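Novice: Structure file final31.cif (mmCIF, N, CA and C atoms, pLDDT in the B column; chains and numbers go by the auth columns) right here:
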```
data_start
#
loop_
_atom_site.group_PDB
_atom_site.id
_atom_site.type_symbol
_atom_site.label_atom_id
_atom_site.label_comp_id
_atom_site.label_asym_id
_atom_site.label_seq_id
_atom_site.Cartn_x
_atom_site.Cartn_y
_atom_site.Cartn_z
_atom_site.B_iso_or_equiv
_atom_site.auth_seq_id
_atom_site.auth_asym_id
ATOM 1 N N SER A 1 -14.653 -9.432 -6.431 88.00 1 A
ATOM 2 C CA SER A 1 -14.763 -10.265 -5.244 88.00 1 A
ATOM 3 C C SER A 1 -13.490 -11.070 -5.078 88.00 1 A
ATOM 4 N N GLY A 2 -13.272 -11.586 -3.891 94.00 2 A
ATOM 5 C CA GLY A 2 -12.089 -12.392 -3.680 94.00 2 A
ATOM 6 C C GLY A 2 -11.852 -12.710 -2.223 94.00 2 A
ATOM 7 N N SER A 3 -10.698 -13.280 -1.970 95.00 3 A
ATOM 8 C CA SER A 3 -10.303 -13.703 -0.627 95.00 3 A
ATOM 9 C C SER A 3 -9.415 -12.639 0.020 95.00 3 A
ATOM 10 N N VAL A 4 -9.088 -12.863 1.285 93.00 4 A
ATOM 11 C CA VAL A 4 -8.176 -11.955 1.964 93.00 4 A
ATOM 12 C C VAL A 4 -6.804 -11.993 1.292 93.00 4 A
ATOM 13 N N ALA A 5 -6.399 -13.134 0.769 95.00 5 A
ATOM 14 C CA ALA A 5 -5.124 -13.219 0.047 95.00 5 A
ATOM 15 C C ALA A 5 -5.171 -12.377 -1.224 95.00 5 A
ATOM 16 N N ASP A 6 -6.314 -12.398 -1.937 96.00 6 A
ATOM 17 C CA ASP A 6 -6.475 -11.564 -3.130 96.00 6 A
ATOM 18 C C ASP A 6 -6.363 -10.088 -2.766 96.00 6 A
ATOM 19 N N ALA A 7 -7.009 -9.703 -1.677 96.00 7 A
ATOM 20 C CA ALA A 7 -6.969 -8.305 -1.238 96.00 7 A
ATOM 21 C C ALA A 7 -5.542 -7.881 -0.925 96.00 7 A
ATOM 22 N N ARG A 8 -4.818 -8.704 -0.222 96.00 8 A
ATOM 23 C CA ARG A 8 -3.437 -8.370 0.141 96.00 8 A
ATOM 24 C C ARG A 8 -2.534 -8.294 -1.092 96.00 8 A
ATOM 25 N N ARG A 9 -2.722 -9.205 -2.033 96.00 9 A
ATOM 26 C CA ARG A 9 -1.927 -9.160 -3.278 96.00 9 A
ATOM 27 C C ARG A 9 -2.203 -7.882 -4.060 96.00 9 A
ATOM 28 N N ALA A 10 -3.430 -7.363 -3.950 95.00 10 A
ATOM 29 C CA ALA A 10 -3.796 -6.136 -4.655 95.00 10 A
ATOM 30 C C ALA A 10 -3.378 -4.882 -3.890 95.00 10 A
ATOM 31 N N GLY A 11 -2.697 -5.059 -2.760 97.00 11 A
ATOM 32 C CA GLY A 11 -2.191 -3.909 -2.018 97.00 11 A
ATOM 33 C C GLY A 11 -3.068 -3.432 -0.890 97.00 11 A
ATOM 34 N N PHE A 12 -4.160 -4.124 -0.605 97.00 12 A
ATOM 35 C CA PHE A 12 -5.042 -3.760 0.503 97.00 12 A
ATOM 36 C C PHE A 12 -4.497 -4.416 1.775 97.00 12 A
ATOM 37 N N THR A 13 -3.489 -3.771 2.378 96.00 13 A
ATOM 38 C CA THR A 13 -2.754 -4.391 3.474 96.00 13 A
ATOM 39 C C THR A 13 -2.898 -3.662 4.806 96.00 13 A
ATOM 40 N N ASP A 14 -3.510 -2.489 4.809 96.00 14 A
ATOM 41 C CA ASP A 14 -3.718 -1.723 6.039 96.00 14 A
ATOM 42 C C ASP A 14 -5.057 -2.174 6.617 96.00 14 A
ATOM 43 N N CYS A 15 -5.041 -3.223 7.449 95.00 15 A
ATOM 44 C CA CYS A 15 -6.281 -3.884 7.876 95.00 15 A
ATOM 45 C C CYS A 15 -6.588 -3.666 9.348 95.00 15 A
ATOM 46 N N VAL A 16 -7.876 -3.476 9.642 94.00 16 A
ATOM 47 C CA VAL A 16 -8.372 -3.390 11.013 94.00 16 A
ATOM 48 C C VAL A 16 -9.655 -4.213 11.102 94.00 16 A
ATOM 49 N N ALA A 17 -9.903 -4.752 12.289 90.00 17 A
ATOM 50 C CA ALA A 17 -11.140 -5.495 12.552 90.00 17 A
ATOM 51 C C ALA A 17 -12.030 -4.606 13.417 90.00 17 A
ATOM 52 N N PRO A 18 -12.991 -3.890 12.798 84.00 18 A
ATOM 53 C CA PRO A 18 -13.836 -2.971 13.565 84.00 18 A
ATOM 54 C C PRO A 18 -14.786 -3.693 14.524 84.00 18 A
ATOM 55 N N ASP A 19 -15.075 -4.932 14.258 85.00 19 A
ATOM 56 C CA ASP A 19 -15.898 -5.750 15.145 85.00 19 A
ATOM 57 C C ASP A 19 -15.548 -7.212 14.900 85.00 19 A
ATOM 58 N N TRP A 20 -16.180 -8.105 15.624 84.00 20 A
ATOM 59 C CA TRP A 20 -15.816 -9.524 15.523 84.00 20 A
ATOM 60 C C TRP A 20 -16.202 -10.152 14.192 84.00 20 A
ATOM 61 N N GLY A 21 -17.083 -9.523 13.433 91.00 21 A
ATOM 62 C CA GLY A 21 -17.579 -10.141 12.210 91.00 21 A
ATOM 63 C C GLY A 21 -17.053 -9.585 10.909 91.00 21 A
ATOM 64 N N SER A 22 -16.078 -8.669 10.975 93.00 22 A
ATOM 65 C CA SER A 22 -15.607 -8.084 9.721 93.00 22 A
ATOM 66 C C SER A 22 -14.151 -7.624 9.829 93.00 22 A
ATOM 67 N N LEU A 23 -13.557 -7.444 8.663 95.00 23 A
ATOM 68 C CA LEU A 23 -12.187 -6.941 8.546 95.00 23 A
ATOM 69 C C LEU A 23 -12.180 -5.956 7.387 95.00 23 A
ATOM 70 N N ARG A 24 -11.699 -4.746 7.619 96.00 24 A
ATOM 71 C CA ARG A 24 -11.587 -3.741 6.554 96.00 24 A
ATOM 72 C C ARG A 24 -10.117 -3.550 6.227 96.00 24 A
ATOM 73 N N CYS A 25 -9.790 -3.733 4.949 97.00 25 A
ATOM 74 C CA CYS A 25 -8.420 -3.540 4.491 97.00 25 A
ATOM 75 C C CYS A 25 -8.390 -2.377 3.510 97.00 25 A
ATOM 76 N N ARG A 26 -7.516 -1.417 3.792 97.00 26 A
ATOM 77 C CA ARG A 26 -7.419 -0.209 2.971 97.00 26 A
ATOM 78 C C ARG A 26 -6.154 -0.211 2.141 97.00 26 A
ATOM 79 N N ARG A 27 -6.229 0.563 1.085 97.00 27 A
ATOM 80 C CA ARG A 27 -5.065 0.815 0.243 97.00 27 A
ATOM 81 C C ARG A 27 -5.050 2.307 -0.061 97.00 27 A
ATOM 82 N N HIS A 28 -3.904 2.901 0.072 96.00 28 A
ATOM 83 C CA HIS A 28 -3.731 4.321 -0.205 96.00 28 A
ATOM 84 C C HIS A 28 -3.101 4.472 -1.583 96.00 28 A
ATOM 85 N N GLY A 29 -3.399 5.570 -2.249 96.00 29 A
ATOM 86 C CA GLY A 29 -2.773 5.853 -3.535 96.00 29 A
ATOM 87 C C GLY A 29 -3.287 5.007 -4.692 96.00 29 A
ATOM 88 N N VAL A 30 -4.558 4.656 -4.657 94.00 30 A
ATOM 89 C CA VAL A 30 -5.157 3.848 -5.731 94.00 30 A
ATOM 90 C C VAL A 30 -5.277 4.701 -6.995 94.00 30 A
ATOM 91 N N MET A 31 -4.766 4.193 -8.102 92.00 31 A
ATOM 92 C CA MET A 31 -4.875 4.865 -9.399 92.00 31 A
ATOM 93 C C MET A 31 -5.786 4.021 -10.295 92.00 31 A
ATOM 94 N N ILE A 32 -6.743 4.672 -10.951 88.00 32 A
ATOM 95 C CA ILE A 32 -7.685 3.979 -11.829 88.00 32 A
ATOM 96 C C ILE A 32 -7.797 4.763 -13.131 88.00 32 A
ATOM 97 N N GLU A 33 -7.510 4.072 -14.230 84.00 33 A
ATOM 98 C CA GLU A 33 -7.621 4.691 -15.553 84.00 33 A
ATOM 99 C C GLU A 33 -6.886 6.022 -15.633 84.00 33 A
ATOM 100 N N GLY A 34 -5.726 6.088 -15.007 86.00 34 A
ATOM 101 C CA GLY A 34 -4.898 7.290 -15.062 86.00 34 A
ATOM 102 C C GLY A 34 -5.359 8.422 -14.168 86.00 34 A
ATOM 103 N N THR A 35 -6.355 8.188 -13.321 87.00 35 A
ATOM 104 C CA THR A 35 -6.802 9.228 -12.394 87.00 35 A
ATOM 105 C C THR A 35 -6.554 8.772 -10.968 87.00 35 A
ATOM 106 N N GLY A 36 -6.522 9.735 -10.088 90.00 36 A
ATOM 107 C CA GLY A 36 -6.277 9.446 -8.685 90.00 36 A
ATOM 108 C C GLY A 36 -5.193 10.383 -8.176 90.00 36 A
ATOM 109 N N PRO A 37 -4.601 10.107 -7.068 94.00 37 A
ATOM 110 C CA PRO A 37 -4.785 8.902 -6.281 94.00 37 A
ATOM 111 C C PRO A 37 -6.052 8.968 -5.435 94.00 37 A
ATOM 112 N N TYR A 38 -6.632 7.788 -5.238 95.00 38 A
ATOM 113 C CA TYR A 38 -7.822 7.618 -4.414 95.00 38 A
ATOM 114 C C TYR A 38 -7.472 6.782 -3.192 95.00 38 A
ATOM 115 N N GLU A 39 -8.381 6.767 -2.252 96.00 39 A
ATOM 116 C CA GLU A 39 -8.336 5.832 -1.142 96.00 39 A
ATOM 117 C C GLU A 39 -9.228 4.659 -1.536 96.00 39 A
ATOM 118 N N GLY A 40 -8.886 3.463 -1.121 96.00 40 A
ATOM 119 C CA GLY A 40 -9.696 2.301 -1.441 96.00 40 A
ATOM 120 C C GLY A 40 -9.795 1.364 -0.253 96.00 40 A
ATOM 121 N N ALA A 41 -10.876 0.594 -0.204 96.00 41 A
ATOM 122 C CA ALA A 41 -11.055 -0.364 0.884 96.00 41 A
ATOM 123 C C ALA A 41 -11.884 -1.544 0.403 96.00 41 A
ATOM 124 N N VAL A 42 -11.608 -2.693 0.996 96.00 42 A
ATOM 125 C CA VAL A 42 -12.456 -3.868 0.833 96.00 42 A
ATOM 126 C C VAL A 42 -12.898 -4.279 2.232 96.00 42 A
ATOM 127 N N ASP A 43 -14.170 -4.623 2.361 95.00 43 A
ATOM 128 C CA ASP A 43 -14.722 -5.103 3.624 95.00 43 A
ATOM 129 C C ASP A 43 -14.913 -6.600 3.515 95.00 43 A
ATOM 130 N N LEU A 44 -14.190 -7.336 4.348 95.00 44 A
ATOM 131 C CA LEU A 44 -14.212 -8.789 4.320 95.00 44 A
ATOM 132 C C LEU A 44 -15.056 -9.315 5.471 95.00 44 A
ATOM 133 N N THR A 45 -15.681 -10.445 5.260 95.00 45 A
ATOM 134 C CA THR A 45 -16.492 -11.084 6.286 95.00 45 A
ATOM 135 C C THR A 45 -15.594 -11.890 7.215 95.00 45 A
ATOM 136 N N GLY A 46 -15.861 -11.792 8.506 92.00 46 A
ATOM 137 C CA GLY A 46 -15.054 -12.481 9.515 92.00 46 A
ATOM 138 C C GLY A 46 -13.914 -11.610 9.973 92.00 46 A
ATOM 139 N N ASN A 47 -13.598 -11.635 11.277 87.00 47 A
ATOM 140 C CA ASN A 47 -12.538 -10.758 11.778 87.00 47 A
ATOM 141 C C ASN A 47 -11.160 -11.127 11.249 87.00 47 A
ATOM 142 N N ASP A 48 -11.033 -12.305 10.606 90.00 48 A
ATOM 143 C CA ASP A 48 -9.783 -12.683 9.960 90.00 48 A
ATOM 144 C C ASP A 48 -9.882 -12.580 8.439 90.00 48 A
ATOM 145 N N GLY A 49 -11.047 -12.116 7.940 91.00 49 A
ATOM 146 C CA GLY A 49 -11.247 -11.949 6.509 91.00 49 A
ATOM 147 C C GLY A 49 -11.524 -13.234 5.764 91.00 49 A
ATOM 148 N N SER A 50 -11.722 -14.326 6.476 93.00 50 A
ATOM 149 C CA SER A 50 -11.867 -15.636 5.835 93.00 50 A
ATOM 150 C C SER A 50 -13.113 -15.757 4.968 93.00 50 A
ATOM 151 N N GLY A 51 -14.093 -14.870 5.172 94.00 51 A
ATOM 152 C CA GLY A 51 -15.319 -14.926 4.377 94.00 51 A
ATOM 153 C C GLY A 51 -15.222 -14.201 3.043 94.00 51 A
ATOM 154 N N GLY A 52 -14.096 -13.540 2.788 94.00 52 A
ATOM 155 C CA GLY A 52 -13.903 -12.865 1.514 94.00 52 A
ATOM 156 C C GLY A 52 -14.634 -11.543 1.407 94.00 52 A
ATOM 157 N N PHE A 53 -14.517 -10.929 0.224 94.00 53 A
ATOM 158 C CA PHE A 53 -15.159 -9.642 -0.041 94.00 53 A
ATOM 159 C C PHE A 53 -15.861 -9.701 -1.389 94.00 53 A
ATOM 160 N N ASP A 54 -16.808 -8.772 -1.578 91.00 54 A
ATOM 161 C CA ASP A 54 -17.535 -8.743 -2.848 91.00 54 A
ATOM 162 C C ASP A 54 -17.671 -7.348 -3.424 91.00 54 A
ATOM 163 N N GLN A 55 -16.927 -6.395 -2.877 89.00 55 A
ATOM 164 C CA GLN A 55 -16.960 -5.045 -3.434 89.00 55 A
ATOM 165 C C GLN A 55 -15.708 -4.285 -3.039 89.00 55 A
ATOM 166 N N VAL A 56 -15.436 -3.239 -3.794 90.00 56 A
ATOM 167 C CA VAL A 56 -14.331 -2.327 -3.502 90.00 56 A
ATOM 168 C C VAL A 56 -14.932 -0.940 -3.359 90.00 56 A
ATOM 169 N N THR A 57 -14.562 -0.237 -2.309 91.00 57 A
ATOM 170 C CA THR A 57 -15.017 1.136 -2.097 91.00 57 A
ATOM 171 C C THR A 57 -13.860 2.074 -2.417 91.00 57 A
ATOM 172 N N VAL A 58 -14.126 3.098 -3.223 91.00 58 A
ATOM 173 C CA VAL A 58 -13.102 4.065 -3.627 91.00 58 A
ATOM 174 C C VAL A 58 -13.618 5.460 -3.318 91.00 58 A
ATOM 175 N N TRP A 59 -12.750 6.307 -2.750 92.00 59 A
ATOM 176 C CA TRP A 59 -13.126 7.682 -2.452 92.00 59 A
ATOM 177 C C TRP A 59 -11.892 8.565 -2.491 92.00 59 A
ATOM 178 N N HIS A 60 -12.136 9.868 -2.455 92.00 60 A
ATOM 179 C CA HIS A 60 -11.052 10.860 -2.416 92.00 60 A
ATOM 180 C C HIS A 60 -11.249 11.676 -1.148 92.00 60 A
ATOM 181 N N ASP A 61 -10.204 11.834 -0.354 91.00 61 A
ATOM 182 C CA ASP A 61 -10.314 12.514 0.940 91.00 61 A
ATOM 183 C C ASP A 61 -10.716 13.981 0.854 91.00 61 A
ATOM 184 N N GLN A 62 -10.298 14.696 -0.209 93.00 62 A
ATOM 185 C CA GLN A 62 -10.572 16.116 -0.286 93.00 62 A
ATOM 186 C C GLN A 62 -11.585 16.527 -1.350 93.00 62 A
ATOM 187 N N ASP A 63 -11.911 15.656 -2.266 91.00 63 A
ATOM 188 C CA ASP A 63 -12.820 16.013 -3.364 91.00 63 A
ATOM 189 C C ASP A 63 -13.849 14.913 -3.556 91.00 63 A
ATOM 190 N N GLN A 64 -15.039 15.115 -3.015 86.00 64 A
ATOM 191 C CA GLN A 64 -16.055 14.068 -3.073 86.00 64 A
ATOM 192 C C GLN A 64 -16.549 13.784 -4.491 86.00 64 A
ATOM 193 N N TYR A 65 -16.252 14.656 -5.434 87.00 65 A
ATOM 194 C CA TYR A 65 -16.681 14.450 -6.821 87.00 65 A
ATOM 195 C C TYR A 65 -15.587 13.834 -7.702 87.00 65 A
ATOM 196 N N ALA A 66 -14.393 13.644 -7.159 88.00 66 A
ATOM 197 C CA ALA A 66 -13.263 13.149 -7.957 88.00 66 A
ATOM 198 C C ALA A 66 -13.531 11.777 -8.564 88.00 66 A
ATOM 199 N N VAL A 67 -14.233 10.905 -7.861 86.00 67 A
ATOM 200 C CA VAL A 67 -14.461 9.544 -8.379 86.00 67 A
ATOM 201 C C VAL A 67 -15.394 9.525 -9.580 86.00 67 A
ATOM 202 N N TYR A 68 -16.145 10.597 -9.799 86.00 68 A
ATOM 203 C CA TYR A 68 -17.033 10.638 -10.965 86.00 68 A
ATOM 204 C C TYR A 68 -16.253 10.649 -12.279 86.00 68 A
ATOM 205 N N LYS A 69 -14.954 10.943 -12.217 84.00 69 A
ATOM 206 C CA LYS A 69 -14.115 10.895 -13.414 84.00 69 A
ATOM 207 C C LYS A 69 -13.976 9.472 -13.943 84.00 69 A
ATOM 208 N N ILE A 70 -14.181 8.476 -13.087 86.00 70 A
ATOM 209 C CA ILE A 70 -13.967 7.084 -13.489 86.00 70 A
ATOM 210 C C ILE A 70 -15.241 6.246 -13.570 86.00 70 A
ATOM 211 N N THR A 71 -16.374 6.774 -13.114 85.00 71 A
ATOM 212 C CA THR A 71 -17.582 5.942 -13.047 85.00 71 A
ATOM 213 C C THR A 71 -18.035 5.449 -14.415 85.00 71 A
ATOM 214 N N ASP A 72 -18.025 6.293 -15.424 82.00 72 A
ATOM 215 C CA ASP A 72 -18.468 5.860 -16.753 82.00 72 A
ATOM 216 C C ASP A 72 -17.586 4.743 -17.301 82.00 72 A
ATOM 217 N N VAL A 73 -16.278 4.892 -17.150 83.00 73 A
ATOM 218 C CA VAL A 73 -15.341 3.884 -17.647 83.00 73 A
ATOM 219 C C VAL A 73 -15.557 2.555 -16.931 83.00 73 A
ATOM 220 N N LEU A 74 -15.686 2.598 -15.618 85.00 74 A
ATOM 221 C CA LEU A 74 -15.857 1.360 -14.856 85.00 74 A
ATOM 222 C C LEU A 74 -17.211 0.709 -15.122 85.00 74 A
ATOM 223 N N GLU A 75 -18.265 1.511 -15.281 88.00 75 A
ATOM 224 C CA GLU A 75 -19.582 0.940 -15.586 88.00 75 A
ATOM 225 C C GLU A 75 -19.570 0.217 -16.926 88.00 75 A
ATOM 226 N N LYS A 76 -18.845 0.730 -17.900 87.00 76 A
ATOM 227 C CA LYS A 76 -18.731 0.064 -19.207 87.00 76 A
ATOM 228 C C LYS A 76 -17.992 -1.271 -19.086 87.00 76 A
ATOM 229 N N GLN A 77 -17.164 -1.413 -18.044 87.00 77 A
ATOM 230 C CA GLN A 77 -16.437 -2.652 -17.795 87.00 77 A
ATOM 231 C C GLN A 77 -17.209 -3.609 -16.897 87.00 77 A
ATOM 232 N N GLY A 78 -18.445 -3.250 -16.538 89.00 78 A
ATOM 233 C CA GLY A 78 -19.283 -4.137 -15.721 89.00 78 A
ATOM 234 C C GLY A 78 -19.359 -3.818 -14.251 89.00 78 A
ATOM 235 N N TRP A 79 -18.666 -2.759 -13.816 86.00 79 A
ATOM 236 C CA TRP A 79 -18.725 -2.377 -12.412 86.00 79 A
ATOM 237 C C TRP A 79 -20.022 -1.628 -12.144 86.00 79 A
ATOM 238 N N LYS A 80 -20.470 -1.619 -10.892 84.00 80 A
ATOM 239 C CA LYS A 80 -21.665 -0.886 -10.499 84.00 80 A
ATOM 240 C C LYS A 80 -21.251 0.248 -9.562 84.00 80 A
ATOM 241 N N ASN A 81 -21.799 1.438 -9.819 82.00 81 A
ATOM 242 C CA ASN A 81 -21.517 2.618 -8.996 82.00 81 A
ATOM 243 C C ASN A 81 -22.645 2.796 -7.989 82.00 81 A
ATOM 244 N N CYS A 82 -22.280 2.928 -6.732 81.00 82 A
ATOM 245 C CA CYS A 82 -23.258 3.217 -5.685 81.00 82 A
ATOM 246 C C CYS A 82 -22.720 4.383 -4.880 81.00 82 A
ATOM 247 N N SER A 83 -23.332 5.555 -5.025 76.00 83 A
ATOM 248 C CA SER A 83 -22.883 6.734 -4.307 76.00 83 A
ATOM 249 C C SER A 83 -23.655 6.872 -3.009 76.00 83 A
ATOM 250 N N THR A 84 -22.946 7.205 -1.932 73.00 84 A
ATOM 251 C CA THR A 84 -23.597 7.387 -0.649 73.00 84 A
ATOM 252 C C THR A 84 -23.430 8.821 -0.186 73.00 84 A
ATOM 253 N N GLY A 85 -24.357 9.260 0.619 63.00 85 A
ATOM 254 C CA GLY A 85 -24.337 10.632 1.126 63.00 85 A
ATOM 255 C C GLY A 85 -23.358 10.832 2.232 63.00 85 A
#
```
Starting from the file, lay out its structure as structure tokens.
Specialist:
Amino acid sequence: SGSVADARRAGFTDCVAPDWGSLRCRRHGVMIEGTGPYEGAVDLTGNDGSGGFDQVTVWHDQDQYAVYKITDVLEKQGWKNCSTG
């Protein structure tokens, strides 16, 4: 979790406001535990991101199973995996 400043410092700088109540900031080329590159995004509350974020979404554009290489490692570090269809 964090603020819009935290997101930007972490490289999530490609931002769009899909509606008045949220801001999505993406990062390309995310590497995790030596695997990737993945696409990543944080969804912030407020169209200026002032409400902060509480999760990071990671995916691979061409291989929907690629992120499973990192789920066990991240879960051991306290992260929660939520897969969507």
Novice: Select, from A:Ser3, A:Thr71, A:Gln77, A:Thr13, the residue with the minimum atom-to-atom distance to A:Asp54, counting all atoms listed in the file.
Specialist: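 Closest to A:Asp54 of all the choices is A:Ser3.
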Novice: Can you work out the spacing between atom CA of A:Gly78 and atom N of A:Gln62 in Å, to one decimal?
Specialist: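 According to the coordinates, atom CA of A:Gly78 and atom N of A:Gln62 are separated by 26.0 Å.
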Novice: Between atom CA of A:Asp6 and atom CA of A:Gln64, measure the distance and give it in Å to one decimal.
Specialist: 27.4 Å
Novice: Go through chain A and collect every residue that DSSP, computed from the backbone, puts in strand (DSSP E or B); the answer should be as number ranges by chain.
Specialist: A: 2, 14-19, 22-32, 35-45, 53, 57-59
Novice: Spell out the residues picked by the PyMOL selection byres ((chain A and resi 41) around 6.5) here, as a list in words.
Specialist: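 That selection, the PyMOL selection byres ((chain A and resi 41) around 6.5), comes back as Arg24, Cys25, Arg26, Arg27, Glu39, Gly40, Val42, Asp43, Gln55, Val56, Thr57 and Val58 of chain A.
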Novice: Going by DSSP on the backbone, which residues of chain A come out as alpha helix (DSSP H)? List them as a PyMOL selection string.
Specialist: chain A and resi 4-9+68-76
Novice: So the first atom is atom CA of A:Asn81 and the second is atom CA of A:Trp59; what is the distance between them in Å, to one decimal place?
Specialist: 11.8 Å
Novice: Step by step, gather every atom of stretch 62-74 of chain A that the file lists, find the box along x, y and z that holds them, add 6 Å on each side, and finally give centre and edge lengths in Å to one decimal, as lines of an AutoDock Vina configuration file.
Specialist:
```
center_x = -14.4
center_y = 8.6
center_z = -8.9
size_x = 20.2
size_y = 27.8
size_z = 29.4
```
Novice: Which one is closest to A:Trp20: A:Gly46, A:His60, A:Thr84, A:Lys76? Count only C-alpha atoms.
Specialist: A:Gly46
Novice: When you count all atoms listed in the file, which of these residues is closest to A:Asp19: A:Asp61, A:Met31, A:Asn47, A:Pro37?
Specialist: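 Among the listed residues, A:Asn47 lies closest to A:Asp19.
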Novice: As a check of understanding, name the residues that the PyMOL selection byres ((chain A and resi 4) around 8) selects in the supplied structure, as a ChimeraX atom specification.
Specialist: /A:1-3,5-10,12,44,48-53
Novice: Mind rebuilding stretch 2-16 of chain A with N, CA, C and O atoms and writing that out as a PDB file, in the frame of the given file?
Specialist:
```pdb
ATOM      1  N   GLY A   2     -13.272 -11.586  -3.891  1.00 94.00           N
ATOM      2  CA  GLY A   2     -12.089 -12.392  -3.680  1.00 94.00           C
ATOM      3  C   GLY A   2     -11.852 -12.710  -2.223  1.00 94.00           C
ATOM      4  O   GLY A   2     -12.667 -12.419  -1.352  1.00 94.00           O
ATOM      5  N   SER A   3     -10.698 -13.280  -1.970  1.00 95.00           N
ATOM      6  CA  SER A   3     -10.303 -13.703  -0.627  1.00 95.00           C
ATOM      7  C   SER A   3      -9.415 -12.639   0.020  1.00 95.00           C
ATOM      8  O   SER A   3      -9.002 -11.673  -0.624  1.00 95.00           O
ATOM      9  N   VAL A   4      -9.088 -12.863   1.285  1.00 93.00           N
ATOM     10  CA  VAL A   4      -8.176 -11.955   1.964  1.00 93.00           C
ATOM     11  C   VAL A   4      -6.804 -11.993   1.292  1.00 93.00           C
ATOM     12  O   VAL A   4      -6.122 -10.959   1.192  1.00 93.00           O
ATOM     13  N   ALA A   5      -6.399 -13.134   0.769  1.00 95.00           N
ATOM     14  CA  ALA A   5      -5.124 -13.219   0.047  1.00 95.00           C
ATOM     15  C   ALA A   5      -5.171 -12.377  -1.224  1.00 95.00           C
ATOM     16  O   ALA A   5      -4.195 -11.697  -1.564  1.00 95.00           O
ATOM     17  N   ASP A   6      -6.314 -12.398  -1.937  1.00 96.00           N
ATOM     18  CA  ASP A   6      -6.475 -11.564  -3.130  1.00 96.00           C
ATOM     19  C   ASP A   6      -6.363 -10.088  -2.766  1.00 96.00           C
ATOM     20  O   ASP A   6      -5.710  -9.316  -3.467  1.00 96.00           O
ATOM     21  N   ALA A   7      -7.009  -9.703  -1.677  1.00 96.00           N
ATOM     22  CA  ALA A   7      -6.969  -8.305  -1.238  1.00 96.00           C
ATOM     23  C   ALA A   7      -5.542  -7.881  -0.925  1.00 96.00           C
ATOM     24  O   ALA A   7      -5.090  -6.820  -1.356  1.00 96.00           O
ATOM     25  N   ARG A   8      -4.818  -8.704  -0.222  1.00 96.00           N
ATOM     26  CA  ARG A   8      -3.437  -8.370   0.141  1.00 96.00           C
ATOM     27  C   ARG A   8      -2.534  -8.294  -1.092  1.00 96.00           C
ATOM     28  O   ARG A   8      -1.702  -7.390  -1.199  1.00 96.00           O
ATOM     29  N   ARG A   9      -2.722  -9.205  -2.033  1.00 96.00           N
ATOM     30  CA  ARG A   9      -1.927  -9.160  -3.278  1.00 96.00           C
ATOM     31  C   ARG A   9      -2.203  -7.882  -4.060  1.00 96.00           C
ATOM     32  O   ARG A   9      -1.329  -7.373  -4.758  1.00 96.00           O
ATOM     33  N   ALA A  10      -3.430  -7.363  -3.950  1.00 95.00           N
ATOM     34  CA  ALA A  10      -3.796  -6.136  -4.655  1.00 95.00           C
ATOM     35  C   ALA A  10      -3.378  -4.882  -3.890  1.00 95.00           C
ATOM     36  O   ALA A  10      -3.696  -3.766  -4.309  1.00 95.00           O
ATOM     37  N   GLY A  11      -2.697  -5.059  -2.760  1.00 97.00           N
ATOM     38  CA  GLY A  11      -2.191  -3.909  -2.018  1.00 97.00           C
ATOM     39  C   GLY A  11      -3.068  -3.432  -0.890  1.00 97.00           C
ATOM     40  O   GLY A  11      -2.764  -2.420  -0.254  1.00 97.00           O
ATOM     41  N   PHE A  12      -4.160  -4.124  -0.605  1.00 97.00           N
ATOM     42  CA  PHE A  12      -5.042  -3.760   0.503  1.00 97.00           C
ATOM     43  C   PHE A  12      -4.497  -4.416   1.775  1.00 97.00           C
ATOM     44  O   PHE A  12      -4.960  -5.473   2.197  1.00 97.00           O
ATOM     45  N   THR A  13      -3.489  -3.771   2.378  1.00 96.00           N
ATOM     46  CA  THR A  13      -2.754  -4.391   3.474  1.00 96.00           C
ATOM     47  C   THR A  13      -2.898  -3.662   4.806  1.00 96.00           C
ATOM     48  O   THR A  13      -2.440  -4.161   5.833  1.00 96.00           O
ATOM     49  N   ASP A  14      -3.510  -2.489   4.809  1.00 96.00           N
ATOM     50  CA  ASP A  14      -3.718  -1.723   6.039  1.00 96.00           C
ATOM     51  C   ASP A  14      -5.057  -2.174   6.617  1.00 96.00           C
ATOM     52  O   ASP A  14      -6.101  -1.609   6.299  1.00 96.00           O
ATOM     53  N   CYS A  15      -5.041  -3.223   7.449  1.00 95.00           N
ATOM     54  CA  CYS A  15      -6.281  -3.884   7.876  1.00 95.00           C
ATOM     55  C   CYS A  15      -6.588  -3.666   9.348  1.00 95.00           C
ATOM     56  O   CYS A  15      -5.687  -3.670  10.192  1.00 95.00           O
ATOM     57  N   VAL A  16      -7.876  -3.476   9.642  1.00 94.00           N
ATOM     58  CA  VAL A  16      -8.372  -3.390  11.013  1.00 94.00           C
ATOM     59  C   VAL A  16      -9.655  -4.213  11.102  1.00 94.00           C
ATOM     60  O   VAL A  16     -10.390  -4.338  10.126  1.00 94.00           O
TER      61      VAL A  16
END
```
